[in-house]
Structure formats: C-alpha cells, structure tokens
file my_file_2.txt (compact mmCIF, C-alpha atoms and all ligand atoms)
# COMPACT_ATOMS: atom_id res chain seq x y z
CA MET A 671 -19.09 17.80 -35.64
CA ARG A 672 -21.77 15.13 -35.78
CA PRO A 673 -23.46 15.28 -39.20
CA LYS A 674 -27.04 16.58 -39.06
CA ASN A 675 -30.10 15.73 -41.09
CA PRO A 676 -33.21 17.91 -41.33
CA CYS A 677 -35.23 15.99 -38.73
CA GLU A 678 -32.28 15.93 -36.26
CA ILE A 679 -32.63 12.16 -35.80
CA MET A 680 -29.47 10.77 -37.36
CA TYR A 681 -29.83 7.02 -37.71
CA GLY A 682 -32.27 6.16 -34.92
CA LEU A 683 -29.64 3.84 -33.44
CA LEU A 684 -31.04 4.23 -29.92
CA LYS A 685 -34.73 4.40 -30.83
CA GLY A 686 -36.81 3.08 -27.92
CA LYS A 687 -33.80 2.69 -25.61
CA LYS A 688 -33.90 3.99 -22.04
CA GLY A 689 -30.81 5.24 -20.26
CA ILE A 690 -29.19 6.85 -17.25
CA ILE A 691 -26.43 9.40 -17.86
CA PHE A 692 -24.11 10.18 -14.93
CA GLY A 693 -21.75 13.17 -14.90
CA ALA A 694 -23.02 16.16 -16.91
CA VAL A 695 -22.36 19.32 -14.88
CA ASP A 696 -22.34 21.94 -17.65
CA GLU A 697 -22.27 22.24 -21.45
CA ARG A 698 -18.56 21.37 -21.58
CA SER A 699 -18.96 17.99 -19.84
CA LEU A 700 -18.35 14.94 -22.02
CA ALA A 701 -21.59 13.55 -20.57
CA TRP A 702 -23.55 16.54 -21.88
CA HIS A 703 -22.27 16.00 -25.45
CA ILE A 704 -23.09 12.29 -25.15
CA ALA A 705 -26.60 13.14 -23.88
CA LEU A 706 -27.18 15.40 -26.91
CA ALA A 707 -26.11 12.57 -29.23
CA CYS A 708 -28.32 10.02 -27.40
CA ALA A 709 -31.31 12.33 -27.86
CA GLU A 710 -30.50 12.76 -31.55
CA GLU A 711 -30.42 8.97 -31.91
CA GLY A 712 -33.89 8.60 -30.40
CA ALA A 713 -33.14 7.53 -26.79
CA SER A 714 -35.00 8.65 -23.70
CA PHE A 715 -32.97 9.05 -20.52
CA VAL A 716 -32.54 10.76 -17.18
CA LEU A 717 -29.48 12.79 -16.24
CA THR A 718 -27.94 12.54 -12.81
CA ASN A 719 -25.26 14.25 -10.74
CA THR A 720 -24.64 15.11 -7.10
CA GLU A 721 -27.00 17.57 -5.47
CA ALA A 722 -24.08 20.02 -5.12
CA ALA A 723 -23.14 19.72 -8.82
CA CYS A 724 -26.78 20.28 -9.81
CA LYS A 725 -26.68 23.55 -7.87
CA ILE A 726 -23.18 24.73 -8.81
CA GLY A 727 -23.26 23.78 -12.50
CA ASN A 728 -25.95 24.86 -14.97
CA ILE A 729 -27.06 21.31 -15.77
CA THR A 730 -30.55 21.74 -14.30
CA GLN A 731 -31.19 24.81 -16.46
CA LEU A 732 -29.74 23.14 -19.58
CA ALA A 733 -31.83 20.03 -19.01
CA ASN A 734 -34.99 22.08 -18.38
CA GLU A 735 -34.54 23.77 -21.76
CA LYS A 736 -34.55 20.33 -23.39
CA GLY A 737 -37.35 18.95 -21.21
CA TRP A 738 -35.02 16.33 -19.67
CA VAL A 739 -35.28 15.10 -16.08
CA VAL A 740 -32.34 15.50 -13.68
CA LEU A 741 -32.30 13.23 -10.62
CA PRO A 742 -29.72 14.08 -7.95
CA CYS A 743 -27.60 11.13 -6.82
CA ASP A 744 -24.20 10.75 -5.20
CA ALA A 745 -22.60 7.89 -7.16
CA THR A 746 -20.68 6.79 -4.05
CA ASN A 747 -23.87 6.29 -2.03
CA VAL A 748 -25.53 2.89 -2.61
CA SER A 749 -28.89 3.86 -1.14
CA GLU A 750 -29.07 6.95 -3.41
CA ILE A 751 -28.13 4.78 -6.42
CA ASN A 752 -30.88 2.35 -5.46
CA ASN A 753 -33.45 5.16 -5.37
CA LEU A 754 -32.12 6.55 -8.64
CA TYR A 755 -32.79 3.27 -10.46
CA LEU A 756 -36.28 2.97 -9.01
CA ARG A 757 -37.17 6.56 -10.00
CA ALA A 758 -35.55 6.25 -13.43
CA MET A 759 -37.41 3.01 -14.22
CA GLU A 760 -40.67 4.63 -13.10
CA ILE A 761 -40.10 7.75 -15.23
CA LEU A 762 -38.81 5.89 -18.30
CA GLY A 763 -41.32 3.05 -18.03
CA GLY A 764 -39.11 -0.03 -17.79
CA THR A 765 -35.65 -1.44 -17.25
CA ILE A 766 -32.52 0.43 -18.33
CA ASP A 767 -30.89 -0.26 -21.72
CA PHE A 768 -27.78 1.90 -21.32
CA VAL A 769 -25.78 3.62 -18.59
CA LEU A 770 -23.06 6.23 -19.03
CA HIS A 771 -20.62 6.52 -16.11
CA SER A 772 -18.78 9.81 -16.63
CA VAL A 773 -17.78 10.43 -13.03
CA ALA A 774 -14.41 11.46 -11.61
CA GLN A 775 -12.87 13.71 -9.02
CA SER A 776 -9.59 13.97 -7.11
CA VAL A 777 -9.39 16.25 -4.11
CA ASN A 778 -5.62 15.67 -4.08
CA LEU A 779 -5.38 17.19 -7.56
CA ARG A 780 -7.72 20.02 -6.65
CA ARG A 781 -5.58 20.85 -3.64
CA HIS A 782 -2.36 20.48 -5.66
CA ARG A 783 -1.11 17.50 -3.63
CA GLU A 784 1.72 15.85 -5.58
CA TYR A 785 1.71 12.04 -5.98
CA GLU A 786 4.56 11.65 -3.48
CA ASN A 787 2.63 13.73 -0.94
CA LEU A 788 -0.92 12.38 -1.14
CA SER A 789 -3.49 12.77 1.58
CA TYR A 790 -4.65 9.15 2.00
CA GLU A 791 -8.06 10.33 3.10
CA TYR A 792 -8.45 12.18 -0.21
CA PHE A 793 -6.91 9.25 -2.07
CA LEU A 794 -9.65 6.91 -0.83
CA LYS A 795 -12.22 9.51 -1.87
CA THR A 796 -10.67 9.65 -5.37
CA ILE A 797 -10.94 5.86 -5.70
CA ASP A 798 -14.47 5.85 -4.31
CA ILE A 799 -15.76 8.56 -6.65
CA SER A 800 -13.76 7.74 -9.79
CA ALA A 801 -13.66 3.92 -9.76
CA LEU A 802 -15.69 2.24 -7.02
CA SER A 803 -18.77 4.25 -8.02
CA LEU A 804 -18.94 2.14 -11.22
CA HIS A 805 -18.91 -1.02 -9.11
CA LYS A 806 -21.65 0.38 -6.86
CA ILE A 807 -23.77 1.35 -9.88
CA LEU A 808 -23.40 -2.15 -11.39
CA GLN A 809 -23.82 -4.12 -8.15
CA THR A 810 -26.96 -2.16 -7.24
CA ALA A 811 -28.42 -2.71 -10.72
CA LEU A 812 -27.76 -6.45 -10.43
CA LYS A 813 -29.62 -6.65 -7.10
CA LEU A 814 -32.58 -4.71 -8.52
CA ASP A 815 -32.42 -6.52 -11.88
CA ALA A 816 -32.59 -2.99 -13.30
CA LEU A 817 -30.67 -3.55 -16.56
CA SER A 818 -32.39 -4.99 -19.65
CA GLU A 819 -31.13 -8.11 -21.44
CA GLY A 820 -28.29 -6.98 -23.76
CA ALA A 821 -27.93 -3.55 -22.10
CA SER A 822 -24.72 -1.56 -22.53
CA VAL A 823 -22.68 0.29 -19.90
CA VAL A 824 -19.87 2.68 -20.83
CA THR A 825 -17.39 4.45 -18.57
CA LEU A 826 -14.79 7.05 -19.54
CA SER A 827 -11.13 6.39 -18.83
CA TYR A 828 -7.76 7.87 -19.70
CA ILE A 829 -4.36 6.61 -20.89
CA ALA A 830 -2.89 7.49 -17.46
CA SER A 831 -4.38 4.16 -16.29
CA GLU A 832 -1.37 2.45 -17.86
CA ARG A 833 1.21 5.16 -18.64
CA PHE A 834 2.69 7.90 -16.49
CA VAL A 835 1.21 11.35 -17.17
CA GLU A 836 2.84 14.17 -15.20
CA GLY A 837 0.36 15.89 -12.91
CA TYR A 838 -2.45 13.29 -13.24
CA GLY A 839 -1.63 12.02 -9.74
CA ASP A 840 -3.94 9.57 -7.99
CA MET A 841 -6.43 9.72 -10.86
CA GLY A 842 -4.07 7.36 -12.72
CA ASP A 843 -4.59 4.74 -9.99
CA ALA A 844 -8.34 5.31 -10.07
CA LYS A 845 -8.47 4.83 -13.85
CA ALA A 846 -6.47 1.57 -13.58
CA MET A 847 -9.00 0.27 -11.05
CA LEU A 848 -11.90 1.52 -13.16
CA GLU A 849 -10.70 -0.50 -16.16
CA SER A 850 -10.28 -3.56 -13.95
CA ILE A 851 -13.88 -3.24 -12.71
CA VAL A 852 -14.98 -3.08 -16.36
CA ARG A 853 -13.35 -6.48 -16.98
CA GLN A 854 -14.52 -8.16 -13.77
CA MET A 855 -18.12 -6.95 -13.89
CA GLY A 856 -18.19 -7.43 -17.67
CA ALA A 857 -17.55 -11.14 -17.22
CA ILE A 858 -20.29 -11.51 -14.59
CA TYR A 859 -22.89 -9.44 -16.41
CA GLY A 860 -22.10 -11.15 -19.73
CA ARG A 861 -23.10 -14.56 -18.43
CA VAL A 862 -26.10 -13.23 -16.50
CA LYS A 863 -27.91 -11.03 -19.04
CA LYS A 864 -25.53 -10.50 -21.98
CA VAL A 865 -24.94 -6.96 -20.68
CA ARG A 866 -21.83 -5.32 -22.20
CA ILE A 867 -19.49 -3.20 -20.09
CA ASN A 868 -16.72 -1.18 -21.75
CA ALA A 869 -14.43 1.76 -21.11
CA ILE A 870 -13.58 4.45 -23.64
CA SER A 871 -10.04 5.76 -23.16
CA GLN A 872 -10.61 9.27 -24.44
CA SER A 873 -8.16 11.87 -25.81
CA PHE A 874 -7.56 14.90 -23.65
CA VAL A 875 -10.26 17.53 -24.23
CA HIS A 876 -10.88 20.78 -22.38
CA THR A 877 -13.79 20.57 -19.93
CA SER A 878 -14.35 22.72 -16.82
CA ALA A 879 -12.22 20.37 -14.73
CA SER A 880 -9.47 19.45 -17.21
CA ALA A 881 -8.92 22.93 -18.70
CA GLN A 882 -7.77 24.20 -15.30
CA TRP A 883 -5.09 21.54 -15.29
CA ASP A 884 -3.82 22.61 -18.76
CA LYS A 885 -4.10 26.37 -18.37
CA GLY A 886 -1.84 27.32 -21.28
CA GLY A 887 -3.26 24.60 -23.55
CA GLN A 888 0.25 23.12 -24.13
CA PHE A 889 -0.71 19.60 -23.10
CA LYS A 890 -3.62 19.50 -25.54
CA LYS A 891 -1.32 20.79 -28.30
CA TYR A 892 1.28 18.13 -27.46
CA THR A 893 -1.16 15.19 -27.52
CA ASP A 894 -2.72 16.56 -30.71
CA ALA A 895 0.70 16.54 -32.40
CA LEU A 896 1.54 13.07 -31.05
CA SER A 897 -1.75 11.49 -32.22
CA PRO A 898 -1.64 10.62 -35.94
CA LEU A 899 -5.34 11.52 -36.27
CA GLY A 900 -5.08 14.43 -33.83
CA ASN A 901 -6.98 14.47 -30.53
CA ALA A 902 -10.35 12.70 -30.76
CA SER A 903 -13.03 15.34 -30.14
CA VAL A 904 -16.03 15.32 -27.80
CA ASP A 905 -18.22 14.50 -30.81
CA ASP A 906 -15.96 11.55 -31.67
CA CYS A 907 -16.42 10.38 -28.08
CA ALA A 908 -20.21 10.78 -28.32
CA ASN A 909 -20.30 8.84 -31.61
CA LEU A 910 -18.33 5.93 -30.16
CA CYS A 911 -20.61 5.91 -27.15
CA ILE A 912 -23.68 5.74 -29.39
CA ALA A 913 -22.18 2.79 -31.27
CA LEU A 914 -21.48 0.99 -27.98
CA PHE A 915 -24.97 1.70 -26.62
CA SER A 916 -26.57 0.53 -29.88
CA ASP A 917 -27.23 -3.03 -31.04
CA LEU A 918 -24.37 -2.72 -33.57
CA MET A 919 -21.73 -3.75 -31.01
CA LYS A 920 -23.37 -6.69 -29.27
CA GLY A 921 -20.16 -8.73 -29.32
CA VAL A 922 -17.96 -6.15 -27.58
CA THR A 923 -17.48 -6.27 -23.82
CA MET A 924 -14.79 -6.03 -21.09
CA GLN A 925 -12.73 -3.74 -23.34
CA THR A 926 -10.90 -0.47 -22.99
CA ILE A 927 -11.41 1.12 -26.41
CA TYR A 928 -8.96 3.86 -27.37
CA ASN A 929 -10.70 6.92 -28.79
CA ASP A 930 -7.41 8.77 -28.93
CA GLY A 931 -6.43 9.40 -32.54
CA GLY A 932 -3.77 6.69 -32.27
CA LEU A 933 -1.94 8.24 -29.29
CA LYS A 934 -1.59 4.97 -27.36
CA ASN A 935 0.63 3.42 -30.05
CA SER A 936 2.50 6.56 -31.03
CA LEU A 937 5.95 7.64 -29.81
CA LEU A 938 7.06 10.25 -32.32
CA THR A 939 5.25 11.87 -35.25
CA GLN A 940 6.18 14.41 -37.89
CA ASN A 941 3.73 16.88 -36.33
CA LEU A 942 5.37 16.45 -32.94
CA MET A 943 8.85 16.94 -34.42
CA GLU A 944 7.68 20.18 -36.05
CA LEU A 945 6.17 21.32 -32.75
CA LEU A 946 9.42 20.56 -30.92
CA ILE A 947 11.52 22.39 -33.53
CA ASP A 948 9.27 25.45 -33.04
CA ILE A 949 9.86 25.30 -29.28
CA VAL A 950 13.65 24.61 -29.31
N1 LIG A 1001 -11.69 15.84 -20.21
C1 LIG A 1001 -10.80 14.93 -20.60
O1 LIG A 1001 -9.80 15.25 -21.24
C2 LIG A 1001 -11.03 13.47 -20.31
C3 LIG A 1001 -10.23 12.52 -20.98
C4 LIG A 1001 -10.41 11.16 -20.68
C5 LIG A 1001 -11.35 10.78 -19.75
N2 LIG A 1001 -12.10 11.74 -19.12
C6 LIG A 1001 -13.08 11.27 -18.13
O2 LIG A 1001 -14.38 11.66 -18.55
C7 LIG A 1001 -15.22 11.72 -17.40
C8 LIG A 1001 -15.97 13.04 -17.42
O3 LIG A 1001 -15.05 14.12 -17.25
P1 LIG A 1001 -15.24 15.57 -17.91
O4 LIG A 1001 -13.93 15.94 -18.49
O5 LIG A 1001 -16.45 15.59 -18.75
O6 LIG A 1001 -15.39 16.49 -16.64
P2 LIG A 1001 -16.69 16.91 -15.78
O7 LIG A 1001 -16.14 17.63 -14.60
O8 LIG A 1001 -17.64 17.63 -16.65
O9 LIG A 1001 -17.33 15.50 -15.33
C9 LIG A 1001 -17.01 14.84 -14.11
C10 LIG A 1001 -18.33 14.66 -13.39
O10 LIG A 1001 -18.22 13.82 -12.24
C11 LIG A 1001 -19.24 14.29 -11.34
N3 LIG A 1001 -19.06 13.75 -10.00
C12 LIG A 1001 -18.06 14.00 -9.12
N4 LIG A 1001 -18.29 13.37 -7.96
C13 LIG A 1001 -19.47 12.69 -8.11
C14 LIG A 1001 -20.23 11.85 -7.26
N5 LIG A 1001 -19.84 11.56 -6.01
N6 LIG A 1001 -21.39 11.35 -7.74
C15 LIG A 1001 -21.82 11.63 -8.99
N7 LIG A 1001 -21.12 12.41 -9.85
C16 LIG A 1001 -19.97 12.94 -9.39
C17 LIG A 1001 -19.04 15.78 -11.41
O11 LIG A 1001 -20.10 16.50 -10.80
C18 LIG A 1001 -18.91 15.99 -12.90
O12 LIG A 1001 -20.19 16.18 -13.48
C19 LIG A 1001 -14.31 11.55 -16.20
O13 LIG A 1001 -14.31 10.19 -15.80
C20 LIG A 1001 -12.95 11.90 -16.76
O14 LIG A 1001 -11.87 11.33 -16.04
C21 LIG A 1001 -11.97 13.07 -19.38

call {"tool": "encode", "arguments": {"input": "my_file_2.txt", "output": "structure tokens"}}
result
Amino acid sequence: MRPKNPCEIMYGLLKGKKGIIFGAVDERSLAWHIALACAEEGASFVLTNTEAACKIGNITQLANEKGWVVLPCDATNVSEINNLYLRAMEILGGTIDFVLHSVAQSVNLRRHREYENLSYEYFLKTIDISALSLHKILQTALKLDALSEGASVVTLSYIASERFVEGYGDMGDAKAMLESIVRQMGAIYGRVKKVRINAISQSFVHTSASAQWDKGGQFKKYTDALSPLGNASVDDCANLCIALFSDLMKGVTMQTIYNDGGLKNSLLTQNLMELLIDIV
C-alpha cells in the first residue's frame, strides 16, 4: 500500500503538473491506481479511453465521484488524439507535463487464437492498439507542440517483449515494438524538448483483462515465487510512475525499467523450489 498522511498529499511530487492518463477502464486497471497516486501527489489530469470502454467499464462513474474529467479517444485514431490534446490543454490550462500510455488489446488472445494460428487482420490490430498507439500519441503531440519542456511519458510493458511466455501470443510482439518506439521517440524528444520517454516492465497483476488469462491464479503464484521480492504490486507500479513523472528522474529516458521484484534476472529461487515440491 502507498503510505498515507493525514492530508492525503504524500510528497507533492507532481504539484502543478498537468497530465493525460490513457487506459483506465475500471478500478482494477493499472491506470486507475496510477491516477489515484497522481492525484495524491498533487497533479491535475484528464482520463481517456475509447468511447466503448467508457460505456462498458465503470470509469465514467468512478471519475465523476472524484470530479475528474473523462475524454473519449481511440488511441489508434490520430484525429481523435489531436482533439484530445486540444481539449486537455484547454481544460488543464496549458501544455502537458506527463502522459501515461496504459493501452493494450489482442483480439487474437480474446478469441483464443494460438500464436501459430494468428489472424493477421487481428495481429495488425494488436500492433496498432498496443504499440503504434504510443507512436501516434507522441507524433501528434510533437506536431501540436503539446508537451512541456522536460515532460515525462510512461508506457507499460511486459517481460514477454524479450522472453517467451506461454499464452501471451502476439502481445509479445507488440510489447517488443512498444519498447523500440520508446527508444526511438525518446532520442528525438530528448534533443527537442528534453522530454523523457520510458517503459515500465511490470510484474503480472490481476486486472479485468489479465485475470481471465490466469483463471486459477497459478501463473501469478509462479511469478511471485520466482521473483526474489515477490510480484511488484499495482501500488509499486504507481509509485515508480510517480517517480518517473516527477522532476526526480530528469536524467532517465529511453529505458525499459523492470518493476518485477527481480524476475527478469531470476531462474530459480528457494520459494519456487518449495512451490514445485508442493506440486510434485
Ligand atoms: N496486468 C498485468 O499483469 C500487466 C503486466 C505488465 C504490463 N501490463 C500492461 O499494462 C497496461 C494496462 O493493462 P491492465 O492490466 O491495466 O488492463 P486494462 O484492461 O485495465 O487496460 C488496458 C486498457 O487499454 C484500453 N484500450 C484498448 N484499446 C484501446 C484503444 N484503441 N484506445 C484507447 N484505449 C484502448 C482498454 O479500454 C483498457 O482500458 C497494458 O499495456 C498491459 O499490457 C499489464
């Protein structure tokens, strides 16, 4: 849990900063937890998601309770992204200091299409939604000059970008491309306006989408046992995001940062051995 103080503002790390948060659909979304932390740290922001997600999820109701604005936008549609920036800058009163890209979807996975039997139409959609959308968000912002000097952009990735994870399918390819866009755009934005662009490679956590994929919870148990610190929680993810959005990490860009309890560098742990002994 994030520590609390009586006035709810923790350190004021984002005081006066203005942001756009993509990808909260309900209270389980990583983006929702990050939004709560941004508010606690003194930021003002707008939330955004597709029109369909705003209707299907309860994000509009949740945001209303907090007095936050939700602006519908399909992150694959450049003209909608353009309008989103213009509206957000009008509502927030200036250019944008931070952007969270927490957007992903694979129709192949939804329809249980194995990697060796992909629909290529769906595959292109996966890449468009889960990777290219970051490029579109950054390219549009550059044309509008919508990001402030020294702004910070964070996207959420997963270890399947570089290692095989059974069942993750074409999302692994999308995450690899996503991390590449972080490096390429990070270099360009760095020299233009000292904007930082980073990816957080997050531990597996149960959200509406991911829990369906790990129905029995075995995968979460396995990664927890394999990670020396255990799975990094949604609050750990929110805290890292706050640090990256803040002025504390002005020298960090073009990185994939592993918020994974050590999983990336771990092959066998005592906890995993004990788990395996229980199973065998
Ligand atoms: N849950 C995990 O274990 C985990 C681990 C590592 C990384 N991630 C990544 O974190 C991010 C958020 O995932 P989550 O687990 O919070 O699930 P989530 O389903 O709550 O978030 C995904 C969001 O993407 C949105 N989205 C889909 N298509 C869109 C489009 N065209 N335009 C705009 N938004 C669109 C969805 O509406 C949803 O809000 C994803 O990139 C996911 O891959 C999740």

call {"tool": "residues_around", "arguments": {"input": "my_file_2.txt", "residues": "Glu710 in chain A", "least_positions_apart": "3", "cutoff": "9 Å", "atoms": "all atoms listed in the file", "output": "VMD selection string"}}
result
chain A and resid 678 to 682 684 705 to 707 713

call {"tool": "axis_aligned_box", "arguments": {"input": "my_file_2.txt", "around": "ligand LIG 1001 (chain A)", "padding_each_side": "4 Å", "output": "JSON"}}
result
{"center_x": -15.8, "center_y": 13.9, "center_z": -13.6, "size_x": 20.0, "size_y": 15.4, "size_z": 23.2}

call {"tool": "residues_near_ligand", "arguments": {"input": "my_file_2.txt", "ligand": "ligand LIG 1001 (chain A)", "cutoff": "6 Å", "atoms": "all atoms listed in the file", "output": "ChimeraX atom specification"}}
result
/A:693-695,699-701,719-720,723,744-746,772-775,799,826-828,871-880

call {"tool": "closest_residue", "arguments": {"input": "my_file_2.txt", "among": "A:Ser800, A:Ser822, A:Asn935, A:Gln809", "to": "Lys845 in chain A", "atoms": "all atoms listed in the file"}}
result
A:Ser800

call {"tool": "closest_atom_pairs", "arguments": {"input": "my_file_2.txt", "of": "range 851-926 of chain A", "to": "range 936-941 of chain A", "cutoff": "7 Å", "atoms": "only C-alpha atoms", "output": "Markdown table"}}
result
| residue | atom | partner | partner_atom | distance |
| --- | --- | --- | --- | --- |
| A:Ala895 | CA | A:Asn941 | CA | 5.0 |
| A:Leu896 | CA | A:Thr939 | CA | 5.7 |
| A:Ser897 | CA | A:Ser936 | CA | 6.6 |

call {"tool": "closest_residue", "arguments": {"input": "my_file_2.txt", "among": "A:Arg833, A:Asp843, A:Asn728, A:Pro742", "to": "Tyr785 in chain A", "atoms": "all atoms listed in the file"}}
result
A:Asp843

call {"tool": "closest_residue", "arguments": {"input": "my_file_2.txt", "among": "A:Val824, A:Met841, A:Leu741, A:Val922", "to": "Asn778 in chain A", "atoms": "only C-alpha atoms"}}
result
A:Met841

call {"tool": "atom_distance", "arguments": {"input": "my_file_2.txt", "atom1": "CA of Pro898 in chain A", "atom2": "CA of Glu697 in chain A"}}
result
27.8 Å

call {"tool": "closest_residue", "arguments": {"input": "my_file_2.txt", "among": "A:Glu750, A:Asp917, A:Glu784, A:Asp905", "to": "Arg698 in chain A", "atoms": "all atoms listed in the file"}}
result
A:Asp905

call {"tool": "closest_residue", "arguments": {"input": "my_file_2.txt", "among": "A:Gly856, A:Gly689, A:Gly932, A:Gly887", "to": "His771 in chain A", "atoms": "all atoms listed in the file"}}
result
A:Gly689

call {"tool": "atom_distance", "arguments": {"input": "my_file_2.txt", "atom1": "CA of Ala846 in chain A", "atom2": "CA of Lys863 in chain A"}}
result
25.5 Å

call {"tool": "residues_near_point", "arguments": {"input": "my_file_2.txt", "point": "(-22.5, 0.3, -32.6)", "cutoff": "12 Å", "atoms": "all atoms listed in the file", "output": "PyMOL selection string"}}
result
chain A and resi 681-684+711+822+866+908-922

call {"tool": "closest_residue", "arguments": {"input": "my_file_2.txt", "among": "A:Ile949, A:Asp696, A:Gly712, A:Glu791", "to": "Gln731 in chain A", "atoms": "only C-alpha atoms"}}
result
A:Asp696

call {"tool": "atom_distance", "arguments": {"input": "my_file_2.txt", "atom1": "CA of Thr825 in chain A", "atom2": "CA of Val862 in chain A"}}
result
19.8 Å

call {"tool": "residues_around", "arguments": {"input": "my_file_2.txt", "residues": "Ile927 in chain A", "least_positions_apart": "4", "cutoff": "8 Å", "atoms": "all atoms listed in the file", "output": "list in words"}}
result
Asn868, Ala869, Ile870 and Ser871 of chain A
